[in-house]
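Structure first, commentary second.
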Amino acid sequence: MVLNETAPDQSQELSEEQLIVERNVWLDQTLNSDGSLPVAEVVLLDGNMQRCERNLPSNPPFSGNSGSLYLRKPESHNAVAFMVYGQDASLPGKLISTDVSALPEYRGKGFGKRLYLEGLKALPANYGLVSHSMLSEDGERIWTWLVDSGLARKRDEPAQGQIGKYETTF
């Protein structure tokens with residue numbers, strides 16, 4: 001179910017690549033329409049630590065690490081923020097943001113929002129994201145931003161194990 005009415009219509013017969021492209025354009029328009037988020041390079045690795053071009057594989061390995069995304073400033077090779085994806089058998093079609101962090105000197109400057117935007121864009125087609133049950137104060141603010149943007153909601157179920165209280169709505 002999509003709460004944001006401008007979300008791409010996934011009922012059409014589109015290829016996986018077309019779905020991803022349309023979804024990512026929509027995410028950029030929804031979360032960064034004014035271009036205010038900082039510019040960052042994205043390094044995306046699958047669960048086997050192999051570099052991915054644009055998205056995680058549509059069959060992520062069922063393991064502790066289903067992929068990782070790193071942000072770095074264009075003039076640097078050092079990561080300034082990262083997100084690790086995990087899975088839970090009770091949530092098919094969703095990945096969990098199991099570990100998310102930004103270096104202290106980059107907090108409060110939009111890199112967390114950029115990280116989540118790129119993290120959503122890196123999801124396989126027809127996958128959603130769920131928060132981890134142990135969210136930091138910064139993580140709570142990011143998920144509130146996603147809820148306010150119409151891209152996420154509070155889950156009806158309480159946080160349990162690694163599964164947190166937020167999930168995307170697309």
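Naming scheme: A, B, ... for chains in displayed order of the structure tokens; residues 1 onward per chain; ligands 1 onward as shown.
Excluding range 85-91 of chain A itself and any same-chain residue fewer than 3 positions from it, the protein and nucleic acid residues within 7 Å of it, counting only C-alpha atoms, are Phe62, Gly64, Asn65, Ser66, Gly67, Ser68, Lys94, Leu95, Ile96, Ser97 and Thr98 of chain A.
Between Pro57 in chain A and the residues A:Pro74, A:Pro104, A:Gly93, A:Pro124, the shortest atom-to-atom distance, using only C-alpha atoms, involves A:Pro124.
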Self-check item: Residues near Met134 in chain A, cut-off 9 Å, only C-alpha atoms, skip fewer than 3 positions along chain, as a list in words
Solution: Thr98, Ser131, Ala159, Gln162, Ile163 and Gly164 of chain A
Can I get the selected residues back with C-alpha atoms, as a PDB file, in the first residue's frame?
ATOM      1  CA  THR A  98      20.505  -3.157  10.963  1.00  0.00           C
ATOM      2  CA  SER A 131      13.960   0.213  10.958  1.00  0.00           C
ATOM      3  CA  ALA A 159       9.466  -3.677  18.026  1.00  0.00           C
ATOM      4  CA  GLN A 162      15.871  -6.713  15.360  1.00  0.00           C
ATOM      5  CA  ILE A 163      12.588  -5.563  13.776  1.00  0.00           C
ATOM      6  CA  GLY A 164      11.865  -1.950  14.649  1.00  0.00           C
TER       7      GLY A 164
END
Using DSSP on the backbone coordinates, identify the residues of range 53-142 of chain A assigned to alpha helix (DSSP H); present them as a PDB file with C-alpha atoms, in the first residue's frame.
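Writing done, so here's selection.pdb:
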ATOM      1  CA  PHE A 111      24.255  13.254   5.451  1.00  0.00           C
ATOM      2  CA  GLY A 112      21.862  11.037   7.428  1.00  0.00           C
ATOM      3  CA  LYS A 113      18.989  12.051   5.171  1.00  0.00           C
ATOM      4  CA  ARG A 114      21.179  11.533   2.099  1.00  0.00           C
ATOM      5  CA  LEU A 115      22.155   8.114   3.469  1.00  0.00           C
ATOM      6  CA  TYR A 116      18.534   7.032   3.872  1.00  0.00           C
ATOM      7  CA  LEU A 117      17.565   8.431   0.456  1.00  0.00           C
ATOM      8  CA  GLU A 118      20.375   6.476  -1.197  1.00  0.00           C
ATOM      9  CA  GLY A 119      19.595   3.465   1.007  1.00  0.00           C
ATOM     10  CA  LEU A 120      16.001   3.432  -0.242  1.00  0.00           C
ATOM     11  CA  LYS A 121      17.121   3.858  -3.845  1.00  0.00           C
ATOM     12  CA  GLU A 137      17.954   9.631  18.517  1.00  0.00           C
ATOM     13  CA  ASP A 138      19.280  10.621  15.061  1.00  0.00           C
ATOM     14  CA  GLY A 139      17.693   7.511  13.520  1.00  0.00           C
ATOM     15  CA  GLU A 140      14.375   8.360  15.160  1.00  0.00           C
ATOM     16  CA  ARG A 141      14.508  11.836  13.574  1.00  0.00           C
ATOM     17  CA  ILE A 142      15.258  10.369  10.124  1.00  0.00           C
TER      18      ILE A 142
END
Quiz item: Which one is closest to Asn126 in chain A: A:Cys52, A:Ala40, A:Leu19, A:Val84? Count only C-alpha atoms.
Solution: A:Leu19
Exercise. Have a look at A:Tyr127, A:Gln160, A:Arg51, A:Leu135 and name the one nearest to Arg23 in chain A; count only C-alpha atoms.
Key: A:Tyr127
Self-check item: Atomic separation - CA of Asn24 in chain A relative to CA of Ser76 in chain A, Å
Solution: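 These two atoms are separated by 25.0 Å.
Pairwise distance (CA of Ser133 in chain A, CA of Pro92 in chain A) equals 17.3 Å.
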Quiz item: Which of these residues is nearest to Trp145 in chain A, using only C-alpha atoms: A:Pro158, A:Tyr166, A:Gln18, A:Lys73?
Solution: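 For Trp145 in chain A, the nearest of the given residues is A:Tyr166.
Considering only C-alpha atoms, the residue among A:Leu31, A:Leu151, A:Leu37, A:Leu123 positioned nearest to Asn55 in chain A is A:Leu123.
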Self-check item: Nearest to Val80 in chain A, chosen from A:Val39, A:Ile20, A:Leu45, A:Leu146, with only C-alpha atoms counted in the distances
Solution: A:Val39
Quiz item: If you run DSSP on the backbone, which residues of chain A are strand (DSSP E), as a ChimeraX atom specification?
Solution: /A:41-46,51-52,67-72,79-86,94-102,128-132,152-154,163-168
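One distance worth recording is that between CA of Leu129 in chain A and CA of Arg107 in chain A, which is 21.7 Å.
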